[in-house]
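To start, the structure itself, in structure tokens.
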Amino acid sequence: MLELPTIQDTMNDRRRINGPAEGTRPPVYASHLKSGGATDRAQRQREPTDLRKIFLKTGLIPSASGSSYLEFAPSSSLANARSNPKSLIPPSSALKLSCTVHGPKPLPRSAAFSPNLVLTTHVKYAPFAARKRKGHIRDASERDLGVHLETALRGAIIAERWPKSGIDLTITILEAEDDRWWADAPDLHDASWGMMNVLAGCITAASAAIADAHIDCLDLVSGGVAALVSDDSTEDSAAAPRLMLDADPAEHRSIMAACVVAYMPARDEITELWLKGESSKIALEKGDQRSAHEALIDGAVDAARGAHSVLSEAVRETMLRAVTPL
Amino acid sequence: MSSQRQASSAAQIPHLSPAELSYLYTSLSLPNSPIRPDGRSPTQFRPLSAETNILPGTNGSARIGFADGTQAIVGVKAEVEKTVLVSDTLDVQHEAQGTGNGEGGEGSSSAVTGGHGSWVQMSIEIPGFRDDDALPVFLSEMMRESLVGSVGVKDKSGEENMAGGLKGRLVINKRWHWRLYIDVLLLSQPLSYPLPLLSLTTHLALLSTKLPKLKSKGEEDPFFDDDWAVAEYIYPRVLGVSNTLQVRPPVTLLVISVGENVIFDPTREEIAVADAVLAISVTRDNEAGSLQPLKLLSIRTIDPPSRLTQPGIPNSENVNMLGAPAPNENVAVLNPATGEEEVPGVWRPRRGGVKRSVIAGMVKTVLKKGGVGEEVLAGLEGVEVS
Amino acid sequence: MTTPLPQVAIPGQCLGSASKYTAGPGTHIQQSNIYASIAGPVILDPAQPNTQTKSTLRVSRTIPAKPHLASTSKLKDRYNTLPAVNSIVLARVTRVQKRQATVSILVVLDEDSLDPAQTSDNDNIASILTSAANPENHSTTDELRFQALIRKEDVRAVEKDRVVMDEMFRVGDIVRGSVISLGDQSFYYITTSRNDLGVVMARSEGGNMMFPVSWKEMRDPITNASELRKVARPY
């Protein structure tokens with residue numbers, strides 16, 4: 001069952017016996033396949049507008065000026081599989097990440113004068129975060145995430161209150177989202193959809209950590225994801241793809257388009273928007289006059305509003321722990 | 001080091017004084033009739049010269065030069081590579097039937113026809129930046145994602161319809177595929193955010209890209225016709241409706257909003273005062289029954305550099321002006337676009353995000369019939385691809 | 001307008017109309033309303049009576065410690081603030097040159113602790129310095145602290161041209177200074193040209209803690225040797 005990976009990379013070190021280049025996965029036994037269980041596709045149990053529960057706590061890392069930890073509740077199929085394991089392979093994954101803020105601190109000596117706060121973000125997957133191992137050096141997708149996150153936060157921070165100083169924001173992703181169901185081959189609409197959920201989580205967690213560090217910001221900015229998915233039931237009939245908030249890519253057959261926003265409810269403004277996929281081809285359900293990309297953005301904003309309620313509660317809770325009840 | 005980091009997504013912040021920024025913002029945000037420093041209309045692009053097939057050693061290439069002297073060269077190279085089934089893929093039907101013994105999983109998956117996004121590799125070299133700096137990484141991810149995100153049109157007329165888009169075109173058979181390397185070279189330090197230049201050049205290079213004609217059949221190891229004259233374009237030359245090529249690579253447009261105006265192909269100075277910067281990728285939609293001539297592939301916000309600019313100081317707060325009589329008009333008023341209290345003529349760095357209605361307006365200007373997106377694609381079709 | 005002020009606020013929370021209050025630190029104005037920009041207790045500073053000014057609304061950065069937990073609480077109760085013009089800082093001398101002394105800022109004293117009703121800061125300097133000096137960065141390297149310069153002409157108010165830097169500061173001294181400028185890309189500028197500013201703690205060449213005897217002299221209690229300093233007036 002385990003296929004032998006072909007070692008393609010000619011740059012490999014031939015003097016040592018290297019491990020497989022592609023990585024391996026735990027075995028799946030034929031008995032499990034016959035009885036189902038291991039190969040049952042995860043199914044979305046939530047309503048299209050229901051979000052996964054979010055656990056968010058701030059102020060966990062004493063040496064940092066601000067910190068937060070965020071976790072998405074595992075989907076029902078994952079929770080089932082954990083309580084009653086039929087296979088060594090989890091059916092899906094749930095996001096877990098931690099975020100630290102260091103500073104404000106002086107800029108490095110070589111830096112030019114800045115009248116504003118200089119924000120630097122580092123997003124790093126732990127090597128064990130995804131099904132495929134990530135290296136210790138940040139790859140293109142991690143740098144890309146860092147830029148998205150920076151855009152989202154720069155719009156929320158009141159940078160002129162902190163001249164000549166910088167903050168470093170570091171996010172470690174302990175468990176990432178899958179891009180698709182683990183047993184699926186990538187299909188036509190394959191893209192790194194899991195990355196969008198990761199970005200939404202990063203934005204919410206970073207916002208909590210910045211509030212924990214008492215950096216001035218306009219509002220608590222939160223991240224939300226919406227996706228247009230076509231599922232098994234609609235595979236044959238030409239039914240309209242459905243709009244799902246907080247879509248877990250492992251639970252859907254095919255994601256046509258997805259959108260992540262960073263949103264500030266107090267101002268009704270978007271600081272970061274990342275939409276991809278062929279959205280304009282998709283007709284929405286009848287009676288919906290919006291174009292598909294507008295529906296996606298609106299859906300993502302709704303998801304962000306949901307995340308914001310968790311975020312504001314977490315920030316308030318941390319503060320109330322410290323403040324004397326008057 | 002840090003100045004480079006700041007340049008990550010915001011491109012370079014030009015050294016403009018707060019007074020200059022304020023002047024520029026005011027003239028660009030004039031209702032309905034923005035005045036641009038170079039006299040262009042809001043949707044007008046800078047003049048450029050383009051040529052294709054300039055590099056003999058590539059499968060396809062193009063060069064575009066802007067009038068300000070910045071030039072980009074794109075070379076596309078293709079290599080044949082063995083398809084390795086991703087190790088975490090499981091062919092459920094196959095295994096469940098219990099027939100698949102000893103095949104090792106390779107080539108047994110039915111879904112391989114889709115092609116992989118990772119088969120298209122893009123690298124961008126910009127002078128003054130390391131190739132792992134955020135700007136080149138961000139730019140290449142942005143352009144690659146729209147290239148591989150486009151999945152082509154449904155069956156309508158012929159076979160050469162590029163089902164599966166660029167990814168699908170790279171599949172040779174179940175065991176072999178092409179790997180496409182798109183290498184972008186900017187010849188000088190960019191004078192403005194280089195996205196439009198790079199995107200247009202990549203578009204032309206892909207249009208001129210040819211792959212040698214396959215002579216082998218089916219699942220045998222591939223071999224190719226060595227006559228370059230019969231090589232096939234990767235974007236097939238099938239004319240669709242209105243005598244345009246049926247499938248075209250996507251283009252990514254840079255759009256900014258200043259006040260209530262939407263401005264295309266901004267210069268560096270114009271970006272420096274933008275309220276919001278969006279990169280919008282579109283391609284032609286030739287599917288029957290589509291209302292719009294274009295389809296949207298991706299939108300990304302780009303961090304507007306106006307957030308990092310130096311603020312101006314109103315006379316009322318200026319220590320050097322304490323003795324001077326305070327003019328009456330020096331009163332803060334509410335800026336309708338930002339909701340901030342501002343003294344007219346005094347620059348404040350932008351803060352906050354962008355309203356949904358503004359984004360919708362920007363996308364609409366690109367997508368609508370006869371809009372800017374169509375204009376750009378038509379302009380590119382005018383470039384003769386040899 | 002009758003809605004009471006919330007006790008605590010989180011960023012983005014609307015606190016009241018800008019026509020009723022003035023926006024203080026920790027808040028910002030948007031669409032004529034005052035919004036909180038940090039999380040913390042909301043404090044209303046009443047306006048001076050008999051003036052036209054509005055009362056000031058601010059969100060405090062310092063969180064009052066719970067009385068019964070004051071000594072045991074491990075929560076951070078101090079948050080770092082940036083040096084601003086006129087803020088009083090404690091800094092350690094890192095380098096003395098002919099025309100200037102380089103110092104690294106340990107603590108920016110906030111307005112609350114400058115309250116004359118409180119005990120003077122000289123009493124708790126030791127506690128400030130022994131507790132993690134700068135709560136935001138536990139690293140003790142000077143690279144991570146804000147650097148500042150005391151120029152020769154900013155050392156004292158009189159006889160500026162007679163100042164000899166070596167007789168004013170030594171490396172390792174703790175200086176109380178007032179920020180006069182945000183300076184250039186790397187240094188703040190600090191002055192000590194007031195009676196209450198200058199060296200507050202210094203060790204002699206023998207390594208003993210010295211006590212001040214005059215505005216320009218400190219003495220080693222063990223060897224009885226005196227050394228020259230620009231001494232801050234003890235309260």
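Simple scheme: letters A, B, ... for chains in structure tokens order, numbers from 1 for residues in each chain, numbers from 1 for ligands in the order shown.
Assigned to alpha helix (DSSP H) in stretch 67-140 of chain A, given DSSP computed from backbone atoms, are A:Ser76, A:Ser77, A:Leu78, A:Ala79, A:Asn80, A:Ala81, A:Arg82, A:Ser83, A:Ala140.
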Polymer residues at most 10 Å from C:Arg95, only C-alpha atoms, same-chain spacing of 2 or more positions, as an mmCIF file with C-alpha atoms, in the first residue's frame:
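result27.cif, written as the output of this step:
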data_model
loop_
_atom_site.group_PDB
_atom_site.id
_atom_site.type_symbol
_atom_site.label_atom_id
_atom_site.label_comp_id
_atom_site.auth_asym_id
_atom_site.auth_seq_id
_atom_site.Cartn_x
_atom_site.Cartn_y
_atom_site.Cartn_z
ATOM 1 C CA ARG C 92 22.178 54.261 32.535
ATOM 2 C CA VAL C 93 25.327 55.865 31.168
ATOM 3 C CA GLN C 97 32.808 61.250 25.278
ATOM 4 C CA GLN C 100 28.336 63.974 24.803
ATOM 5 C CA ALA C 101 27.355 61.034 26.943
ATOM 6 C CA THR C 102 25.448 58.062 25.583
ATOM 7 C CA VAL C 103 22.814 56.582 27.841
ATOM 8 C CA SER C 104 20.358 53.754 27.506
ATOM 9 C CA LEU C 149 22.375 61.359 24.133
ATOM 10 C CA PHE C 169 28.983 61.341 34.374
ATOM 11 C CA ARG C 170 30.766 58.015 34.514
ATOM 12 C CA VAL C 171 29.819 54.804 32.779
ATOM 13 C CA GLY C 172 27.326 52.887 34.899
#
Neighbours of B:Phe224 within 12 Å (only C-alpha atoms; same-chain residues fewer than 2 positions away dropped), as number ranges by chain? B: 80, 172, 211-217, 220-222, 226-228, 230-232
Requested write-out: N, CA and C atoms of the selected residues, as a PDB file, in the first residue's frame:
ATOM      1  N   VAL B  80      10.016  18.246 -19.355  1.00  0.00           N
ATOM      2  CA  VAL B  80       9.178  17.071 -19.133  1.00  0.00           C
ATOM      3  C   VAL B  80       9.559  16.459 -17.798  1.00  0.00           C
ATOM      4  N   ILE B 172       0.732  15.468 -19.992  1.00  0.00           N
ATOM      5  CA  ILE B 172       1.038  14.755 -21.227  1.00  0.00           C
ATOM      6  C   ILE B 172       0.257  13.448 -21.224  1.00  0.00           C
ATOM      7  N   LEU B 211       4.924  24.438 -27.171  1.00  0.00           N
ATOM      8  CA  LEU B 211       5.466  23.170 -26.701  1.00  0.00           C
ATOM      9  C   LEU B 211       5.631  22.267 -27.921  1.00  0.00           C
ATOM     10  N   PRO B 212       6.710  21.469 -27.982  1.00  0.00           N
ATOM     11  CA  PRO B 212       6.894  20.597 -29.133  1.00  0.00           C
ATOM     12  C   PRO B 212       5.741  19.609 -29.288  1.00  0.00           C
ATOM     13  N   LYS B 213       5.468  19.243 -30.501  1.00  0.00           N
ATOM     14  CA  LYS B 213       4.322  18.377 -30.783  1.00  0.00           C
ATOM     15  C   LYS B 213       4.600  16.958 -30.301  1.00  0.00           C
ATOM     16  N   LEU B 214       3.652  16.399 -29.622  1.00  0.00           N
ATOM     17  CA  LEU B 214       3.792  15.054 -29.075  1.00  0.00           C
ATOM     18  C   LEU B 214       3.618  14.030 -30.194  1.00  0.00           C
ATOM     19  N   LYS B 215       4.554  13.068 -30.260  1.00  0.00           N
ATOM     20  CA  LYS B 215       4.405  12.033 -31.284  1.00  0.00           C
ATOM     21  C   LYS B 215       3.956  10.704 -30.693  1.00  0.00           C
ATOM     22  N   SER B 216       4.287  10.509 -29.420  1.00  0.00           N
ATOM     23  CA  SER B 216       3.890   9.241 -28.806  1.00  0.00           C
ATOM     24  C   SER B 216       2.398   9.264 -28.517  1.00  0.00           C
ATOM     25  N   LYS B 217       1.862   8.067 -28.290  1.00  0.00           N
ATOM     26  CA  LYS B 217       0.412   7.989 -28.066  1.00  0.00           C
ATOM     27  C   LYS B 217       0.140   7.439 -26.661  1.00  0.00           C
ATOM     28  N   GLU B 220       2.433   5.628 -23.360  1.00  0.00           N
ATOM     29  CA  GLU B 220       3.844   5.311 -23.545  1.00  0.00           C
ATOM     30  C   GLU B 220       4.705   6.504 -23.136  1.00  0.00           C
ATOM     31  N   ASP B 221       5.987   6.230 -22.933  1.00  0.00           N
ATOM     32  CA  ASP B 221       6.876   7.323 -22.583  1.00  0.00           C
ATOM     33  C   ASP B 221       6.843   8.352 -23.706  1.00  0.00           C
ATOM     34  N   PRO B 222       6.765   9.614 -23.345  1.00  0.00           N
ATOM     35  CA  PRO B 222       6.554  10.613 -24.393  1.00  0.00           C
ATOM     36  C   PRO B 222       7.794  10.852 -25.247  1.00  0.00           C
ATOM     37  N   ASP B 226      10.728  16.730 -33.532  1.00  0.00           N
ATOM     38  CA  ASP B 226      11.802  17.706 -33.351  1.00  0.00           C
ATOM     39  C   ASP B 226      11.701  18.864 -34.339  1.00  0.00           C
ATOM     40  N   ASP B 227      10.646  18.912 -35.094  1.00  0.00           N
ATOM     41  CA  ASP B 227      10.443  20.056 -35.979  1.00  0.00           C
ATOM     42  C   ASP B 227       9.739  21.161 -35.191  1.00  0.00           C
ATOM     43  N   TRP B 228      10.453  22.239 -34.946  1.00  0.00           N
ATOM     44  CA  TRP B 228       9.907  23.329 -34.140  1.00  0.00           C
ATOM     45  C   TRP B 228       8.748  24.012 -34.844  1.00  0.00           C
ATOM     46  N   VAL B 230       6.225  22.736 -36.216  1.00  0.00           N
ATOM     47  CA  VAL B 230       4.894  22.182 -35.959  1.00  0.00           C
ATOM     48  C   VAL B 230       4.537  22.217 -34.473  1.00  0.00           C
ATOM     49  N   ALA B 231       5.418  22.854 -33.690  1.00  0.00           N
ATOM     50  CA  ALA B 231       5.128  22.940 -32.258  1.00  0.00           C
ATOM     51  C   ALA B 231       3.804  23.647 -32.019  1.00  0.00           C
ATOM     52  N   GLU B 232       3.166  23.308 -30.904  1.00  0.00           N
ATOM     53  CA  GLU B 232       1.827  23.848 -30.639  1.00  0.00           C
ATOM     54  C   GLU B 232       1.898  24.922 -29.570  1.00  0.00           C
TER      55      GLU B 232
END
Report the closest atom pair, with its distance in Å rounded to one decimal, for each residue of chain C that has an atom no farther than 8 Å from chain B; count only C-alpha atoms, sort by chain and then rising residue number, and write it as CSV.
residue,atom,partner,partner_atom,distance
C:Ile29,CA,B:Glu340,CA,7.1
C:Gln30,CA,B:Glu340,CA,5.4
C:Gln31,CA,B:Gly339,CA,5.1
C:Ser32,CA,B:Glu341,CA,7.8
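When the distance limit is 9 Å and only C-alpha atoms are what count, the residues near A:Phe113, minus those fewer than 2 positions from it on the same chain, are A:Leu107, A:Ala111, A:Pro115, A:Asn116, A:Pro163, A:Lys164, C:Asp184, C:Gln185, C:Ser186.
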From atom CA of A:Val101 to atom CA of A:Asp178 the spacing works out at 26.8 Å
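Note that the spacing between atom CA of C:Val42 and atom CA of C:Asn86 amounts to 24.5 Å.
Each of B:Val282, B:Leu30, B:Leu166, B:Val366 was compared to B:Phe264 using only C-alpha atoms, and B:Val366 turns out to be the nearest.
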